[in-house]
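Asks: My file is data-v1.txt. It has compact mmCIF, C-alpha atoms:
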# COMPACT_ATOMS: atom_id res chain seq x y z
CA MET A 1 -30.36 -32.11 -90.31
CA GLY A 2 -31.55 -29.60 -92.88
CA GLN A 3 -32.51 -26.01 -92.31
CA ILE A 4 -36.05 -24.85 -91.50
CA LEU A 5 -37.06 -21.68 -93.35
CA LEU A 6 -40.55 -20.51 -92.48
CA PRO A 7 -42.43 -17.38 -93.61
CA GLN A 8 -42.09 -15.14 -90.52
CA ASN A 9 -44.88 -12.77 -91.57
CA HIS A 10 -47.45 -15.53 -91.94
CA LEU A 11 -50.69 -15.33 -90.01
CA HIS A 12 -49.88 -18.64 -88.26
CA SER A 13 -46.06 -18.61 -88.25
CA SER A 14 -45.72 -20.05 -84.71
CA GLU A 15 -48.15 -22.88 -85.47
CA LEU A 16 -46.29 -23.63 -88.70
CA LYS A 17 -42.99 -23.89 -86.82
CA GLN A 18 -44.51 -26.30 -84.29
CA LEU A 19 -46.19 -28.30 -87.05
CA THR A 20 -42.97 -28.59 -89.08
CA ASP A 21 -41.05 -29.82 -86.02
CA ASN A 22 -43.75 -32.44 -85.38
CA LEU A 23 -43.69 -33.63 -89.00
CA LEU A 24 -39.91 -33.99 -89.00
CA SER A 25 -40.08 -36.05 -85.80
CA PHE A 26 -41.66 -39.03 -87.60
CA ILE A 27 -41.26 -38.46 -91.35
CA ASP A 28 -38.04 -39.11 -93.24
CA ALA A 29 -38.59 -35.87 -95.16
CA ASP A 30 -36.69 -34.75 -98.20
CA SER A 31 -38.37 -31.34 -98.11
CA ILE A 32 -41.43 -29.46 -96.88
CA TYR A 33 -43.15 -26.64 -98.77
CA ILE A 34 -45.64 -24.19 -97.29
CA SER A 35 -47.93 -22.38 -99.74
CA THR A 36 -49.62 -19.47 -97.98
CA GLY A 37 -52.05 -18.42 -100.71
CA ASP A 38 -53.24 -14.88 -100.07
CA ASN A 39 -52.47 -15.19 -96.31
CA THR A 40 -56.05 -14.54 -95.17
CA PRO A 41 -58.01 -16.42 -92.45
CA GLU A 42 -60.49 -17.92 -94.92
CA THR A 43 -57.76 -19.36 -97.20
CA LYS A 44 -56.11 -22.61 -96.17
CA THR A 45 -52.32 -22.80 -96.16
CA ILE A 46 -51.13 -25.91 -98.02
CA VAL A 47 -48.31 -27.94 -96.45
CA SER A 48 -46.65 -30.37 -98.87
CA VAL A 49 -44.33 -33.00 -97.42
CA PHE A 50 -41.98 -35.07 -99.59
CA VAL A 51 -40.58 -38.38 -98.37
CA LYS A 52 -36.95 -39.04 -99.30
CA LYS A 53 -36.22 -41.19 -102.32
CA GLY A 54 -35.30 -44.70 -101.19
CA SER A 55 -36.94 -44.29 -97.78
CA SER A 56 -38.71 -47.30 -96.30
CA GLN A 57 -41.63 -44.98 -95.49
CA THR A 58 -44.42 -44.50 -98.01
CA SER A 59 -46.97 -41.70 -98.30
CA GLU A 60 -49.77 -44.22 -97.84
CA GLU A 61 -48.37 -45.49 -94.54
CA LEU A 62 -47.90 -41.97 -93.17
CA TYR A 63 -51.37 -40.63 -93.89
CA ASN A 64 -53.16 -41.98 -90.80
CA ILE A 65 -50.75 -40.48 -88.29
CA THR A 66 -50.44 -37.25 -90.28
CA GLU A 67 -54.23 -36.94 -90.45
CA LYS A 68 -54.41 -37.09 -86.65
CA LEU A 69 -51.71 -34.44 -86.35
CA PHE A 70 -53.46 -32.02 -88.72
CA GLN A 71 -56.74 -32.32 -86.83
CA SER A 72 -55.19 -29.83 -84.41
CA TYR A 73 -54.49 -27.44 -87.31
CA PRO A 74 -57.80 -27.02 -89.22
CA GLN A 75 -56.45 -23.87 -90.90
CA PHE A 76 -53.94 -25.98 -92.86
CA ALA A 77 -54.36 -28.50 -95.69
CA TYR A 78 -51.66 -31.08 -96.30
CA ARG A 79 -50.33 -33.50 -98.88
CA ILE A 80 -47.68 -36.21 -98.58
CA PHE A 81 -45.76 -37.37 -101.64
CA GLU A 82 -42.86 -39.66 -102.34
CA ALA A 83 -40.16 -37.40 -103.75
CA ASP A 84 -39.32 -39.55 -106.78
CA TRP A 85 -42.95 -39.81 -107.87
CA ALA A 86 -43.52 -36.08 -107.32
CA ALA A 87 -40.53 -35.30 -109.54
CA TYR A 88 -42.04 -37.53 -112.23
CA SER A 89 -45.45 -35.85 -111.93
CA PHE A 90 -43.79 -32.42 -112.11
CA ARG A 91 -42.04 -33.41 -115.34
CA LYS A 92 -45.44 -34.39 -116.69
CA GLY A 93 -46.63 -30.82 -116.09
CA ASN A 94 -48.65 -31.22 -112.88
CA PRO A 95 -49.56 -27.59 -111.97
CA PHE A 96 -49.84 -28.36 -108.25
CA PHE A 97 -46.06 -28.58 -107.84
CA ILE A 98 -45.44 -25.43 -109.89
CA ARG A 99 -48.02 -23.47 -107.90
CA HIS A 100 -47.31 -24.70 -104.37
CA CYS A 101 -43.80 -26.19 -104.33
CA SER A 102 -41.35 -23.77 -105.91
CA ILE A 103 -38.34 -22.28 -104.14
CA GLN A 104 -40.57 -19.49 -102.86
CA GLU A 105 -42.55 -21.96 -100.72
CA LEU A 106 -39.60 -24.05 -99.48
CA ALA A 107 -39.86 -24.27 -95.67
CA TYR A 108 -37.49 -27.18 -95.03
CA SER A 109 -34.89 -29.02 -97.05
CA SER A 110 -32.62 -31.89 -96.11
CA GLU A 111 -28.87 -31.54 -96.55
CA GLU A 112 -29.12 -32.27 -100.28
CA ASN A 113 -29.94 -29.34 -102.56
CA ASN A 114 -33.62 -29.39 -103.46
CA ASN A 115 -34.62 -27.68 -106.70
CA ILE A 116 -36.68 -30.28 -108.55
CA PHE A 117 -39.78 -28.06 -108.69
CA ASN A 118 -38.10 -24.96 -110.12
CA PRO A 119 -38.51 -24.88 -113.89
CA ILE A 120 -35.51 -23.71 -115.87
CA PRO A 121 -36.01 -20.84 -118.36
CA GLY A 122 -37.67 -22.10 -121.51
CA HIS A 123 -39.04 -25.19 -119.76
CA LEU A 124 -42.12 -23.65 -118.14
CA LYS A 125 -44.02 -23.31 -121.40
CA GLN A 126 -43.49 -27.02 -122.09
CA LEU A 127 -44.83 -27.88 -118.63
CA PHE A 128 -47.96 -25.78 -119.22
CA LYS A 129 -48.45 -27.47 -122.58
CA LYS A 130 -48.28 -30.90 -120.91
CA ALA A 131 -50.74 -29.78 -118.24
CA LYS A 132 -53.23 -28.52 -120.81
CA THR A 133 -52.83 -31.71 -122.86
CA ARG A 134 -53.57 -33.84 -119.79
CA TYR A 135 -56.55 -31.66 -118.87
CA THR A 136 -57.93 -31.83 -122.43
CA LYS A 137 -57.55 -35.61 -122.48
CA ASP A 138 -59.42 -35.93 -119.18
CA SER A 139 -62.16 -33.64 -120.54
CA GLU A 140 -62.53 -35.78 -123.65
CA GLU A 141 -62.92 -38.91 -121.51
CA THR A 142 -65.61 -37.18 -119.45
CA ALA A 143 -67.40 -36.06 -122.62
CA THR A 144 -67.29 -39.61 -123.98
CA ILE A 145 -68.90 -40.94 -120.79
CA ASN A 146 -71.57 -38.22 -120.91
CA ARG A 147 -72.37 -38.60 -124.63
CA GLU A 148 -75.28 -41.03 -124.31
CA LEU A 149 -76.90 -39.33 -121.31
CA SER A 150 -79.63 -37.54 -123.30
CA MET A 151 -80.59 -40.80 -125.04
CA TYR A 152 -81.09 -42.63 -121.73
CA ILE A 153 -83.10 -39.70 -120.36
CA ARG A 154 -85.37 -39.67 -123.44
CA ASN A 155 -85.90 -43.42 -123.19
CA GLY A 156 -86.73 -43.21 -119.49
CA ASN A 157 -83.78 -45.41 -118.49
CA HIS A 158 -83.17 -43.64 -115.20
CA LEU A 159 -80.71 -46.21 -113.88
CA GLN A 160 -78.28 -45.84 -116.80
CA ALA A 161 -78.73 -42.06 -116.77
CA ALA A 162 -77.93 -41.93 -113.05
CA TYR A 163 -74.90 -44.16 -113.61
CA ILE A 164 -73.54 -41.88 -116.36
CA LEU A 165 -74.08 -38.83 -114.16
CA HIS A 166 -72.26 -40.58 -111.32
CA GLN A 167 -69.31 -41.35 -113.58
CA THR A 168 -69.29 -37.81 -114.99
CA ILE A 169 -69.21 -36.17 -111.56
CA ARG A 170 -66.62 -38.66 -110.33
CA ARG A 171 -64.36 -38.02 -113.33
CA LEU A 172 -64.67 -34.25 -112.84
CA TYR A 173 -63.52 -34.63 -109.24
CA TYR A 174 -60.74 -36.94 -110.39
CA LYS A 175 -59.61 -34.36 -112.95
CA ALA A 176 -59.77 -31.46 -110.48
CA SER A 177 -57.89 -33.24 -107.69
CA TRP A 178 -54.96 -33.85 -110.05
CA PHE A 179 -54.13 -30.15 -110.40
CA LEU A 180 -55.62 -28.90 -107.11
CA ALA A 181 -54.28 -31.58 -104.74
CA GLY A 182 -51.38 -32.96 -106.76
CA GLU A 183 -52.82 -36.47 -107.03
CA SER A 184 -56.20 -38.11 -107.60
CA ILE A 185 -57.75 -40.96 -105.65
CA PRO A 186 -59.40 -43.94 -107.39
CA SER A 187 -62.47 -44.08 -105.11
CA ARG A 188 -65.86 -44.68 -106.79
CA SER A 189 -67.64 -42.84 -103.98
CA ILE A 190 -68.58 -39.27 -104.88
CA ALA A 191 -68.72 -38.45 -101.16
CA GLU A 192 -65.10 -39.58 -100.73
CA GLN A 193 -63.99 -37.65 -103.82
CA GLN A 194 -65.70 -34.53 -102.48
CA THR A 195 -64.18 -34.90 -99.00
CA TYR A 196 -60.73 -35.39 -100.52
CA ILE A 197 -60.88 -32.20 -102.61
CA ARG A 198 -62.59 -29.96 -100.02
CA PRO A 199 -59.40 -28.65 -98.30
CA PHE A 200 -58.14 -27.42 -101.68
CA SER A 201 -61.41 -26.00 -103.03
CA ALA A 202 -64.27 -25.21 -100.69
CA GLU A 203 -66.54 -24.54 -103.69
CA ILE A 204 -66.44 -27.91 -105.44
CA GLY A 205 -65.83 -29.65 -102.12
CA SER A 206 -69.32 -28.57 -101.06
CA LEU A 207 -71.25 -29.59 -104.16
CA PHE A 208 -73.35 -31.99 -102.06
CA ASP A 209 -74.31 -30.84 -98.57
CA PRO A 210 -74.49 -33.97 -96.36
CA GLU A 211 -76.59 -32.03 -93.82
CA ASP A 212 -79.22 -31.30 -96.48
CA SER A 213 -81.69 -34.17 -96.81
CA THR A 214 -82.23 -33.58 -100.54
CA ASP A 215 -78.51 -33.64 -101.29
CA ALA A 216 -77.98 -36.66 -99.05
CA VAL A 217 -80.64 -38.64 -100.93
CA LEU A 218 -79.24 -37.53 -104.30
CA LEU A 219 -75.74 -38.62 -103.32
CA GLU A 220 -77.03 -41.99 -102.13
CA GLN A 221 -79.00 -42.46 -105.37
CA LEU A 222 -75.96 -41.79 -107.56
CA ASP A 223 -73.71 -44.14 -105.60
CA SER A 224 -76.46 -46.80 -105.62
CA ALA A 225 -76.77 -46.48 -109.41
CA CYS A 226 -73.04 -47.07 -109.77
CA GLU A 227 -73.15 -50.21 -107.62
CA ALA A 228 -76.30 -51.47 -109.36
CA VAL A 229 -74.86 -51.18 -112.88
CA ARG A 230 -71.41 -52.53 -111.98
CA ASN A 231 -72.66 -55.46 -109.90
CA ASN A 232 -76.03 -56.08 -111.60
CA LYS A 233 -77.99 -55.28 -108.44
CA PRO A 234 -81.59 -54.04 -108.40
CA THR A 235 -82.22 -50.46 -107.28
CA THR A 236 -84.84 -47.77 -107.74
CA ILE A 237 -83.95 -44.28 -109.01
CA ASN A 238 -86.25 -41.39 -108.07
CA LEU A 239 -87.62 -39.20 -110.85
CA GLU A 240 -86.11 -36.12 -109.19
CA THR A 241 -82.60 -37.60 -109.20
CA ILE A 242 -81.76 -37.08 -112.88
CA PRO A 243 -82.57 -33.35 -113.34
CA ALA A 244 -80.98 -32.52 -109.97
CA ALA A 245 -77.81 -34.45 -110.84
CA VAL A 246 -77.64 -32.84 -114.29
CA LEU A 247 -77.59 -29.37 -112.70
CA LYS A 248 -74.86 -30.47 -110.28
CA ALA A 249 -72.73 -31.95 -113.08
CA GLU A 250 -73.09 -28.88 -115.31
CA TRP A 251 -72.09 -26.50 -112.51
CA LEU A 252 -69.16 -28.72 -111.50
CA GLN A 253 -67.87 -28.86 -115.06
CA GLN A 254 -67.87 -25.07 -115.36
CA GLU A 255 -66.24 -24.63 -111.95
CA VAL A 256 -63.47 -27.16 -112.67
CA GLN A 257 -62.71 -25.35 -115.94
CA ARG A 258 -62.54 -22.03 -114.07
CA LEU A 259 -60.25 -23.46 -111.41
CA PHE A 260 -57.91 -24.96 -114.00
CA SER A 261 -57.62 -21.64 -115.86
CA GLU A 262 -57.05 -19.87 -112.55
CA THR A 263 -54.34 -22.40 -111.61
CA ILE A 264 -52.45 -21.92 -114.87
CA LEU A 265 -52.63 -18.12 -114.53
CA SER A 266 -51.35 -18.37 -110.98
CA CYS A 267 -48.42 -20.51 -112.11
CA GLU A 268 -47.59 -18.12 -114.93
CA GLY A 269 -47.69 -15.21 -112.48
CA LYS A 270 -44.98 -16.83 -110.34
CA PHE A 271 -42.48 -17.06 -113.20
CA PRO A 272 -43.27 -14.13 -115.54
CA SER A 273 -39.70 -13.84 -116.84
CA SER A 274 -39.61 -17.51 -117.85
CA VAL A 275 -42.94 -17.20 -119.67
CA ASP A 276 -41.89 -13.99 -121.44
CA GLU A 277 -38.58 -15.53 -122.45
CA THR A 278 -40.28 -18.48 -124.08
CA LYS A 279 -42.46 -16.07 -126.04
CA SER A 280 -39.63 -13.84 -127.23
CA LYS A 281 -36.92 -16.43 -127.83
CA PRO A 282 -37.28 -19.62 -129.82
CA VAL A 283 -36.52 -22.74 -127.86
CA LYS A 284 -33.22 -24.20 -128.96
CA LYS A 285 -33.38 -27.65 -130.39
CA ASN A 286 -31.66 -30.35 -128.45
CA PRO A 287 -28.50 -31.32 -130.36
CA ASP A 288 -28.68 -34.84 -128.96
CA THR A 289 -30.33 -37.58 -130.92
CA PRO A 290 -34.08 -37.51 -130.20
CA LYS A 291 -35.44 -40.43 -128.25
CA SER A 292 -37.48 -43.00 -130.09
CA GLU A 293 -41.12 -43.56 -129.23
CA ASP A 294 -40.28 -46.97 -127.75
CA THR A 295 -37.60 -45.43 -125.51
CA LYS A 296 -40.05 -42.80 -124.24
CA ILE A 297 -42.64 -45.48 -123.46
CA LEU A 298 -40.10 -47.63 -121.62
CA GLU A 299 -38.96 -44.65 -119.54
CA GLU A 300 -42.55 -43.79 -118.67
CA LEU A 301 -43.26 -47.40 -117.66
CA GLN A 302 -40.16 -47.39 -115.47
CA ASP A 303 -41.27 -44.21 -113.71
CA LEU A 304 -44.77 -45.60 -113.21
CA ALA A 305 -43.40 -48.89 -111.86
CA THR A 306 -41.39 -46.97 -109.27
CA ARG A 307 -44.61 -45.37 -108.10
CA HIS A 308 -46.88 -48.43 -108.12
CA TYR A 309 -44.80 -51.54 -107.33
CA LYS A 310 -44.77 -51.26 -103.54
CA LYS A 311 -46.26 -54.34 -101.96
CA LEU A 312 -43.30 -56.71 -102.47
CA GLN A 313 -39.80 -55.52 -101.57
CA PRO A 314 -36.76 -57.47 -102.80
CA ASP A 315 -34.82 -59.34 -100.13
CA PRO A 316 -31.36 -57.72 -99.80
CA LYS A 317 -29.64 -61.10 -99.35
CA THR A 318 -31.48 -63.53 -101.64
CA GLU A 319 -32.18 -62.80 -105.28
CA GLY A 320 -35.69 -63.63 -106.47
CA VAL A 321 -37.14 -63.49 -102.92
CA TYR A 322 -39.49 -60.71 -101.80
CA THR A 323 -41.03 -59.61 -98.52
CA ALA A 324 -44.40 -58.02 -97.72
CA GLN A 325 -44.96 -56.01 -94.55
CA ILE A 326 -47.90 -56.69 -92.20
CA LYS A 327 -48.66 -54.05 -89.58
CA PHE A 328 -49.66 -54.80 -85.99
CA ILE A 329 -50.52 -52.37 -83.21
CA GLY A 330 -48.43 -54.37 -80.71
CA TYR A 331 -47.67 -57.84 -79.38
CA THR A 332 -51.23 -58.28 -78.13
CA ASP A 333 -52.57 -57.58 -81.61
CA LEU A 334 -50.03 -60.05 -83.06
CA MET A 335 -51.03 -62.75 -80.56
CA CYS A 336 -54.76 -62.24 -81.27
CA PHE A 337 -54.15 -62.63 -85.00
CA ALA A 338 -52.00 -65.74 -84.53
CA THR A 339 -54.68 -67.22 -82.24
CA ASP A 340 -57.39 -66.53 -84.83
CA LEU A 341 -55.32 -68.27 -87.50
CA ILE A 342 -54.92 -71.34 -85.27
CA ARG A 343 -58.65 -71.40 -84.50
CA LEU A 344 -59.45 -71.06 -88.20
CA CYS A 345 -57.21 -74.01 -89.06
CA ILE A 346 -58.70 -76.17 -86.31
CA THR A 347 -62.22 -75.26 -87.41
CA SER A 348 -61.48 -76.46 -90.95
CA TYR A 349 -59.72 -79.62 -89.70
CA THR A 350 -62.02 -80.92 -87.01
CA GLU A 351 -65.74 -81.61 -86.91
CA ASN A 352 -67.72 -79.35 -84.62
CA GLU A 353 -69.96 -82.14 -83.30
CA ASP A 354 -67.61 -82.94 -80.43
CA SER A 355 -68.36 -80.80 -77.37
CA SER A 356 -64.71 -81.08 -76.33
CA TYR A 357 -63.73 -78.88 -79.28
CA GLY A 358 -59.98 -78.92 -79.92
CA GLY A 359 -59.44 -81.48 -77.20
CA GLY A 360 -60.72 -79.00 -74.65
CA LEU A 361 -57.62 -76.83 -75.04
CA ILE A 362 -59.42 -73.93 -76.73
CA THR A 363 -62.03 -72.46 -74.43
CA ASN A 364 -63.31 -69.92 -76.98
CA PRO A 365 -63.38 -71.44 -80.49
CA LYS A 366 -64.94 -68.31 -82.06
CA VAL A 367 -62.78 -66.92 -84.89
CA ASN A 368 -62.52 -63.18 -85.48
CA ILE A 369 -62.88 -63.28 -89.25
CA ALA A 370 -62.61 -59.47 -89.45
CA ASN A 371 -59.13 -59.72 -87.95
CA ILE A 372 -58.08 -62.21 -90.64
CA LEU A 373 -59.59 -60.13 -93.43
CA GLU A 374 -57.83 -56.95 -92.28
CA ILE A 375 -54.49 -58.71 -92.74
CA VAL A 376 -55.56 -60.00 -96.14
CA ILE A 377 -56.43 -56.43 -97.17
CA GLN A 378 -52.93 -55.33 -96.19
CA LEU A 379 -51.51 -57.95 -98.55
CA LEU A 380 -53.66 -56.98 -101.54
CA PRO A 381 -51.52 -55.35 -104.29
CA LEU A 382 -53.80 -52.31 -104.76
CA HIS A 383 -51.13 -50.02 -106.20
CA GLU A 384 -50.00 -52.73 -108.61
CA ILE A 385 -53.58 -53.19 -109.86
CA GLU A 386 -53.77 -49.44 -110.49
CA TYR A 387 -50.60 -49.82 -112.58
CA LEU A 388 -52.37 -52.42 -114.72
CA ASP A 389 -55.22 -49.93 -115.34
CA ILE A 390 -52.67 -47.35 -116.50
CA LEU A 391 -51.05 -49.92 -118.80
CA ALA A 392 -54.45 -50.75 -120.30
CA GLU A 393 -55.11 -47.05 -120.91
CA MET A 394 -51.69 -46.60 -122.55
CA PHE A 395 -52.31 -49.63 -124.76
CA SER A 396 -55.72 -48.30 -125.85
CA ALA A 397 -54.22 -44.91 -126.66
CA HIS A 398 -51.48 -46.60 -128.68
CA GLN A 399 -54.05 -48.65 -130.61
CA ARG A 400 -56.06 -45.50 -131.41
CA LYS A 401 -52.91 -43.80 -132.60
CA LEU A 402 -52.11 -46.73 -134.90
CA LYS A 403 -55.61 -46.64 -136.40
CA LYS A 404 -55.32 -42.90 -137.15
CA SER A 405 -51.95 -43.37 -138.83
Would you mind writing the structure in this file as structure tokens?

Replies:
Amino acid sequence: MGQILLPQNHLHSSELKQLTDNLLSFIDADSIYISTGDNTPETKTIVSVFVKKGSSQTSEELYNITEKLFQSYPQFAYRIFEADWAAYSFRKGNPFFIRHCSIQELAYSSEENNNIFNPIPGHLKQLFKKAKTRYTKDSEETATINRELSMYIRNGNHLQAAYILHQTIRRLYYKASWFLAGESIPSRSIAEQQTYIRPFSAEIGSLFDPEDSTDAVLLEQLDSACEAVRNNKPTTINLETIPAAVLKAEWLQQEVQRLFSETILSCEGKFPSSVDETKSKPVKKNPDTPKSEDTKILEELQDLATRHYKKLQPDPKTEGVYTAQIKFIGYTDLMCFATDLIRLCITSYTENEDSSYGGGLITNPKVNIANILEIVIQLLPLHEIEYLDILAEMFSAHQRKLKKS
């Protein structure tokens, strides 16, 4: 068992101790970091939990139970990461881990030494450069999406204009959640993106007020435009939607830029000696042979595969055989699912004209299709599909690079 080190002078130190004990009771934690911010009642404390490398637990599986636990602690925000992926994201310059997960915020560590989020002297400047490169790339993608907006507005194509505004706002949330929450979510729903980011930024997390009828209609219009364009469905866009959404998008863009600059300044303030050293001393060149571009790409693909290939786990005894987990609440839930499968098979095999359905053995032939579909959803390789999207993006970037050269 590792040692728990909590900030004793924190406004909620007793609650943090109780919360940490509760988290360790069901999470195979590598470490826990507690970022107190400015330690005021209106500022949320961020609790970051890292699952041990090689653990059978995943951050996705732990979120439901952790969400219920944190409902009793509204003054805290939380994030759960798999330690190996977090280390990879840190190496890519993710400011969240520099800002909230350095040695200063370490509240619990397992028996192994934990220092993956502490940049060595001379390395911090490289991390900031990577962060700014990623942010600039995301900004360019948003600008590309937004480029034809004025043309659609001039031509009176409100549906396409609303769709572009939806994508712009969604991408801005996606970009902000990367450095504010440590990880983005792929949801197309602006409401879900806003809810996800709210614990980490009350300002941009309240862009649309669901209690305000005007904002509620605007949000519904933007999401409807997205579904209409993607699925070729008819919908009507109000005339007031476009100018109102433009104002929202412009404000959000400025606020995300401000928050990113503030985040970088905050990170630099934590390690002033490292930043000053990189300015005064030239970084020594690595005497080792530099890695080829192909080697770098292969290493990046390997890191990404570790993060995204989750659904099938290799069988420890038989090579080439994999297992997929299906979750049940208990034996009753398992029996109901098995019964629904049997009913479904009988329904497809027999004709329903006979009143003695199933030979009279099944008194209730109704199949709970929702039960079947929930299991199917568990088996869908969602993380693996996300990996394919990343591969497609890497391929496109490589093709653009070849054209420029």

Asks: Quick one: pull the distance between CA of Ser109 (chain A) and CA of Lys53 (chain A), Å, one decimal.

Replies: 13.3 Å

Asks: Please report the interatomic distance between CA of Asn231 (chain A) and CA of Arg188 (chain A) in Å with one decimal.

Replies: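 Computed distance, CA of Asn231 (chain A) to CA of Arg188 (chain A), equals 13.1 Å.
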
Asks: Please identify all polymer residues lying at most 8 Å from the point (-84.3, -42.4, -106.2) (file coordinates), using all atoms listed in the file, and present the result as an NGL selection string.

Replies: :A and (217-218 or 221 or 236-241)

Asks: So that I can check the surroundings of Tyr78 (chain A), please list as JSON, numbers by chain every protein, DNA and RNA residue that reaches within 6 Å of it, counting all atoms listed in the file and ignoring chain neighbours fewer than 6 positions away.

Replies: {"A": [46, 47, 48]}

Asks: Can you write out the residues you just picked, keeping C-alpha atoms, as a tab-separated table (two decimals), keeping the file's coordinate frame?

Replies:
chain	number	residue	atom	x	y	z
A	46	ILE	CA	-51.13	-25.91	-98.02
A	47	VAL	CA	-48.31	-27.94	-96.45
A	48	SER	CA	-46.65	-30.37	-98.87

Asks: For Ala181 (chain A), which residue out of A:Ala225, A:Met151, A:Ala77, A:Leu159 is the nearest one, using only C-alpha atoms?

Replies: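 Among the listed residues, the smallest separation from Ala181 (chain A) belongs to A:Ala77.
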
Asks: What residues have an atom no more than 12 Å from (-70.6, -31.0, -103.7) in the file's own frame, counting all atoms listed in the file, and can you write them as a VMD selection string?

Replies: chain A and resid 169 to 170 172 to 173 190 to 198 201 to 212 215 to 216 218 to 219 245 247 to 249 251 to 253 255

Asks: Which of these, A:Asp333, A:Asp223, A:Glu82, A:Glu15, has the shortest distance to Gly182 (chain A) once you count all atoms listed in the file?

Replies: A:Glu82

Asks: Using all atoms listed in the file, can you tell me which of A:Phe76, A:His100, A:Arg171, A:Leu265 comes closest to Ile185 (chain A)?

Replies: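 Looking only at the distances to Ile185 (chain A), the closest residue turns out to be A:Arg171.
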
Asks: Provide the CA of Leu165 (chain A) to CA of Trp178 (chain A) distance in Å, to one decimal place.

Replies: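 Between these atoms lies a distance of 20.2 Å.
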
Asks: So, counting all atoms listed in the file, which residue among A:Arg154, A:Gln75, A:Tyr174, A:Trp85 is closest to Thr43 (chain A)?

Replies: A:Gln75

Asks: Have a look at A:Gln167, A:Ser213, A:Thr347, A:Thr20 and name the one nearest to Ile145 (chain A); count all atoms listed in the file.

Replies: A:Gln167

Asks: Calculated over only C-alpha atoms, which of the candidates A:Ala87, A:Ser14, A:Phe179, A:Ile346 has the smallest distance to Ser261 (chain A)?

Replies: A:Phe179
